[in-house]
Amino acid sequence: MPAQETFSFEVTSTLPNGKGRTGIIHTPHGDIHTPAFIVVGTKATVKAVLPDNIKDLGAQATLANAFHLYLQPGPQILDQAGGLGQFMNWSGPTFTDSGGFQVMSLGSGFKKVLAMDMAGKQTDDVLAEGTTRRAHVDDDGVWFTSHLDGSKHRFTPEISLQIQHQLGADIMFAFDELTTLAHTRAYQESSLERTRLWAQRCLREHRRLSIEREHRPYQALFGVIQGAQYEDLRRKACQDLSAMCIDGQEFDGFGLGGAIEKENLGTIVGWCAEELPANKPRHLLGISEPDDLFAACEMGADTFDCVNPSRVARNAAIYTADGRYNVSRAACKDDFGPLEEGCECYTCQHYSRAYLHHLFKAKEMLFSTLATIHNEYWTVQLVENIRKAMLAGEFETYRDEFLGRYYANGGRVKF
């Protein structure tokens, strides 16, 4: 079996609360200084942006999607290319998720609407009214329908790991069942047990594949913590997965997944931080809003990913220290200042609001590139500044000043 010392994690400082920390994740393709925002390149590309741009804006790592790459072009293509990084010309660390979220969202016809806005509804049918169920979960795995061509597919813990090993990322995630805040307590309990059993199978398959593929660099496997908003279930999941050892194989880190009520995000991360081992990294899946990032960093999460910075950029939404605004607004038509005063990203150094306004209105492809560069830079640098503030012992001051300014007008820039 390849040496696992090619992957490790060290804590370099800790906040006074004993949870938030800075650290370094060591991977075969470089180090990640944490806390860090991991830029999402869903289909082995950050939409509209070159890998060189992603490196220049300060990103340390990228995350691709196992579900999408399985459907197209197929994991065997990436394996033949030498892995995800080689395929997409990215030399730094890479992550792949397990595909569990997309199997249950795209594979069920539910698209992006899965959970955070469904509080108060209690049902074990995760589909919206009027839709047809296209994903079926059983104790062995999930049947789902491709959103591309309607073909039927099967994901199990073993298949997910086989796909991710072929994709070749430095960090992978165990296959888990995604639940929503709409599911009943009883379903959350049964789902958590299903995910626990799947985690055992993932560890067993990971060890087998690591031995079989010892010609490749070691790939770290993170277990995924579910449990929705329930403290006892979250703590149980943390205890179960951190103690899990199959044939000598343990999880190398942990992903905090599932539906999380925004107002309880920090609290839930804190529960997990109290239960999970301090010497292993924790990745919080799917967040990028400033208040969420500060709360998660304070309570012990190390890395984060989210498609939001690039997604909203393509729809003209621009992040600034004073909140968000739409560069498509009429007020930007003859504004020849940068997207954000003082920003050092490539876009702000070379282009004006008026130019991006024009590009968006003219439906020019360059708009998506320039807007995405700014939003990704802004998000990556925000987390980097949080890290620096933590190291300097100035986290609370920086948090209060930043959030006070950003949300002064409800998170929206006033023109």
# chains A, B, ... in the order shown; residues from 1 in each chain; ligands from 1
>>> residues_around(residues="stretch 236-244 of chain A", least_positions_apart="2", cutoff="7 Å", atoms="only C-alpha atoms", output="number ranges by chain")
A: 223, 225-226, 232-234, 246, 250, 272, 275-277
>>> write_last_selection(atoms="C-alpha atoms", output="mmCIF file, in the first residue's frame")
data_model
loop_
_atom_site.group_PDB
_atom_site.id
_atom_site.type_symbol
_atom_site.label_atom_id
_atom_site.label_comp_id
_atom_site.auth_asym_id
_atom_site.auth_seq_id
_atom_site.Cartn_x
_atom_site.Cartn_y
_atom_site.Cartn_z
ATOM 1 C CA GLY A 223 -15.894 10.486 5.920
ATOM 2 C CA ILE A 225 -20.902 13.684 8.802
ATOM 3 C CA GLN A 226 -24.689 13.835 8.468
ATOM 4 C CA ASP A 232 -27.319 13.888 19.155
ATOM 5 C CA LEU A 233 -27.258 12.605 15.564
ATOM 6 C CA ARG A 234 -24.393 14.895 14.540
ATOM 7 C CA ILE A 246 -11.658 -1.272 8.585
ATOM 8 C CA GLU A 250 -9.248 4.986 8.891
ATOM 9 C CA CYS A 272 -18.608 18.310 15.283
ATOM 10 C CA GLU A 275 -16.236 15.176 18.714
ATOM 11 C CA LEU A 276 -13.827 14.850 15.778
ATOM 12 C CA PRO A 277 -10.080 14.282 16.253
#
>>> select_by_dssp(residues="stretch 52-87 of chain A", states="strand (DSSP E)", output="list in words")
Thr62, Leu63, Ala64 and Asn65 of chain A
>>> closest_atom_pairs(of="stretch 273-338 of chain A", to="stretch 380-389 of chain A", cutoff="8 Å", atoms="only C-alpha atoms", output="tab-separated table")
residue	atom	partner	partner_atom	distance
A:Pro290	CA	A:Leu382	CA	8.0
A:Leu293	CA	A:Val383	CA	7.4
A:Phe294	CA	A:Ile386	CA	7.5
A:Cys297	CA	A:Ile386	CA	7.9
>>> closest_residue(among="A:Glu376, A:Asp252, A:Asp140, A:Asp149", to="A:Trp198", atoms="only C-alpha atoms")
A:Asp140
>>> atom_distance(atom1="atom CA of A:Tyr406", atom2="atom CA of A:Gln349")
21.9 Å
>>> residues_around(residues="A:Leu15", least_positions_apart="6", cutoff="10 Å", atoms="only C-alpha atoms", output="ChimeraX atom specification")
/A:21-22,297-300,390-391,393-396
>>> select_by_dssp(residues="stretch 165-202 of chain A", states="alpha helix (DSSP H)", output="PyMOL selection string")
chain A and resi 165-167+185-202
>>> residues_around(residues="A:Lys262", least_positions_apart="3", cutoff="10 Å", atoms="only C-alpha atoms", output="list in words")
Met116, Asp117, Ala259, Leu265, Gly266, Thr267, Ile268, Ile287, Asp291 and Asp292 of chain A
>>> write_last_selection(atoms="C-alpha atoms", output="JSON list (two decimals), in the first residue's frame")
[["chain", "number", "residue", "atom", "x", "y", "z"],
["A", 116, "MET", "CA", -32.00, 24.92, 3.41],
["A", 117, "ASP", "CA", -35.19, 26.66, 2.39],
["A", 259, "ALA", "CA", -28.71, 20.30, 5.22],
["A", 265, "LEU", "CA", -24.37, 26.62, 11.15],
["A", 266, "GLY", "CA", -21.73, 27.68, 13.68],
["A", 267, "THR", "CA", -23.37, 25.67, 16.45],
["A", 268, "ILE", "CA", -23.46, 22.49, 14.35],
["A", 287, "ILE", "CA", -20.84, 27.40, 1.82],
["A", 291, "ASP", "CA", -21.24, 35.29, 7.77],
["A", 292, "ASP", "CA", -21.18, 31.52, 7.22]]
>>> closest_residue(among="A:Glu340, A:Glu364, A:Asp334, A:Glu10", to="A:Arg314", atoms="only C-alpha atoms")
A:Glu364
>>> atom_distance(atom1="atom CA of A:Gly323", atom2="atom CA of A:Leu370")
18.5 Å
>>> residues_around(residues="A:Arg201", least_positions_apart="2", cutoff="12 Å", atoms="only C-alpha atoms", output="CSV table (one decimal) with C-alpha atoms, in the first residue's frame")
chain,number,residue,atom,x,y,z
A,139,ASP,CA,-29.5,-0.1,1.7
A,140,ASP,CA,-27.1,-1.1,-1.0
A,141,GLY,CA,-27.0,2.2,-3.0
A,156,THR,CA,-23.0,2.3,-4.4
A,157,PRO,CA,-20.2,3.1,-2.0
A,158,GLU,CA,-17.9,0.8,-4.0
A,159,ILE,CA,-18.8,2.4,-7.3
A,160,SER,CA,-18.3,5.9,-5.9
A,161,LEU,CA,-14.9,5.0,-4.6
A,162,GLN,CA,-13.9,3.3,-7.9
A,174,ALA,CA,-17.1,8.8,1.2
A,175,PHE,CA,-20.5,8.0,-0.4
A,176,ASP,CA,-23.3,9.1,1.9
A,194,ARG,CA,-27.3,3.7,6.3
A,195,THR,CA,-24.5,6.2,5.8
A,196,ARG,CA,-22.5,4.6,8.7
A,197,LEU,CA,-22.7,1.2,7.0
A,198,TRP,CA,-21.8,2.8,3.6
A,199,ALA,CA,-18.8,4.5,5.3
A,203,LEU,CA,-13.1,2.4,3.8
A,204,ARG,CA,-12.8,-1.3,2.8
A,205,GLU,CA,-13.0,-0.4,-0.9
A,206,HIS,CA,-10.6,2.5,-0.5
A,207,ARG,CA,-8.0,0.2,1.1
A,208,ARG,CA,-8.4,-2.4,-1.7
A,223,GLY,CA,-15.9,10.5,5.9
A,244,MET,CA,-14.1,3.6,12.4
A,245,CYS,CA,-11.2,1.4,11.3
A,246,ILE,CA,-11.7,-1.3,8.6
A,247,ASP,CA,-8.7,-3.6,7.8
A,249,GLN,CA,-7.9,1.9,7.2
A,250,GLU,CA,-9.2,5.0,8.9
A,251,PHE,CA,-10.7,8.2,7.5
>>> residues_around(residues="A:Lys361", least_positions_apart="4", cutoff="9 Å", atoms="only C-alpha atoms", output="ChimeraX atom specification")
/A:328,356-357
>>> write_last_selection(atoms="N, CA and C atoms", output="PDB file, in the first residue's frame")
ATOM      1  N   SER A 328     -25.120  44.886 -13.841  1.00  0.00           N
ATOM      2  CA  SER A 328     -26.038  45.118 -14.955  1.00  0.00           C
ATOM      3  C   SER A 328     -26.925  46.341 -14.721  1.00  0.00           C
ATOM      4  N   LEU A 356     -17.813  46.086 -17.944  1.00  0.00           N
ATOM      5  CA  LEU A 356     -18.511  44.836 -17.627  1.00  0.00           C
ATOM      6  C   LEU A 356     -20.007  44.968 -17.820  1.00  0.00           C
ATOM      7  N   HIS A 357     -20.555  46.138 -17.532  1.00  0.00           N
ATOM      8  CA  HIS A 357     -21.969  46.392 -17.824  1.00  0.00           C
ATOM      9  C   HIS A 357     -22.244  46.179 -19.306  1.00  0.00           C
TER      10      HIS A 357
END
>>> closest_atom_pairs(of="stretch 189-231 of chain A", to="stretch 76-99 of chain A", cutoff="10 Å", atoms="only C-alpha atoms", output="tab-separated table")
residue	atom	partner	partner_atom	distance
A:Arg216	CA	A:Gly82	CA	8.9
A:Gln219	CA	A:Phe95	CA	9.5
A:Ala220	CA	A:Phe95	CA	9.4
A:Leu221	CA	A:Phe95	CA	9.9
A:Phe222	CA	A:Asp97	CA	9.6
A:Val224	CA	A:Ser98	CA	9.6
>>> write_last_selection(atoms="N, CA and C atoms", output="PDB file, in the first residue's frame")
ATOM      1  N   ARG A 216      -0.091   4.995  -8.218  1.00  0.00           N
ATOM      2  CA  ARG A 216      -0.586   6.362  -8.144  1.00  0.00           C
ATOM      3  C   ARG A 216      -0.316   6.942  -6.748  1.00  0.00           C
ATOM      4  N   GLN A 219      -4.422   8.750  -2.218  1.00  0.00           N
ATOM      5  CA  GLN A 219      -5.577   9.637  -2.193  1.00  0.00           C
ATOM      6  C   GLN A 219      -6.244   9.547  -0.822  1.00  0.00           C
ATOM      7  N   ALA A 220      -6.402  10.683  -0.174  1.00  0.00           N
ATOM      8  CA  ALA A 220      -7.025  10.719   1.150  1.00  0.00           C
ATOM      9  C   ALA A 220      -8.533  10.569   1.016  1.00  0.00           C
ATOM     10  N   LEU A 221      -9.139   9.908   1.985  1.00  0.00           N
ATOM     11  CA  LEU A 221     -10.587   9.710   2.001  1.00  0.00           C
ATOM     12  C   LEU A 221     -11.178  10.356   3.250  1.00  0.00           C
ATOM     13  N   PHE A 222     -12.156  11.236   3.045  1.00  0.00           N
ATOM     14  CA  PHE A 222     -12.856  11.899   4.142  1.00  0.00           C
ATOM     15  C   PHE A 222     -14.221  11.240   4.346  1.00  0.00           C
ATOM     16  N   VAL A 224     -18.108  11.474   5.698  1.00  0.00           N
ATOM     17  CA  VAL A 224     -19.068  12.585   5.663  1.00  0.00           C
ATOM     18  C   VAL A 224     -20.021  12.499   6.852  1.00  0.00           C
TER      19      VAL A 224
END
>>> closest_residue(among="A:His350, A:His358, A:His283, A:Arg324", to="A:Arg412", atoms="only C-alpha atoms")
A:Arg324
>>> atom_distance(atom1="atom CA of A:Ile54", atom2="atom CA of A:Leu284")
20.7 Å
>>> residues_around(residues="A:Ile25", least_positions_apart="5", cutoff="7 Å", atoms="only C-alpha atoms", output="tab-separated table (two decimals) with C-alpha atoms, in the first residue's frame")
chain	number	residue	atom	x	y	z
A	8	SER	CA	-1.15	14.73	6.62
A	9	PHE	CA	-2.51	17.66	8.61
A	10	GLU	CA	-0.97	19.86	11.25
A	31	ASP	CA	0.14	22.18	0.78
A	32	ILE	CA	-3.14	23.88	1.65
A	33	HIS	CA	-2.85	26.53	4.36
>>> closest_residue(among="A:Val413, A:Cys202, A:Ala186, A:Ala331", to="A:Tyr230", atoms="only C-alpha atoms")
A:Ala186
>>> closest_residue(among="A:Glu344, A:Asp322, A:Asp52, A:Asp170", to="A:Pro28", atoms="only C-alpha atoms")
A:Asp170
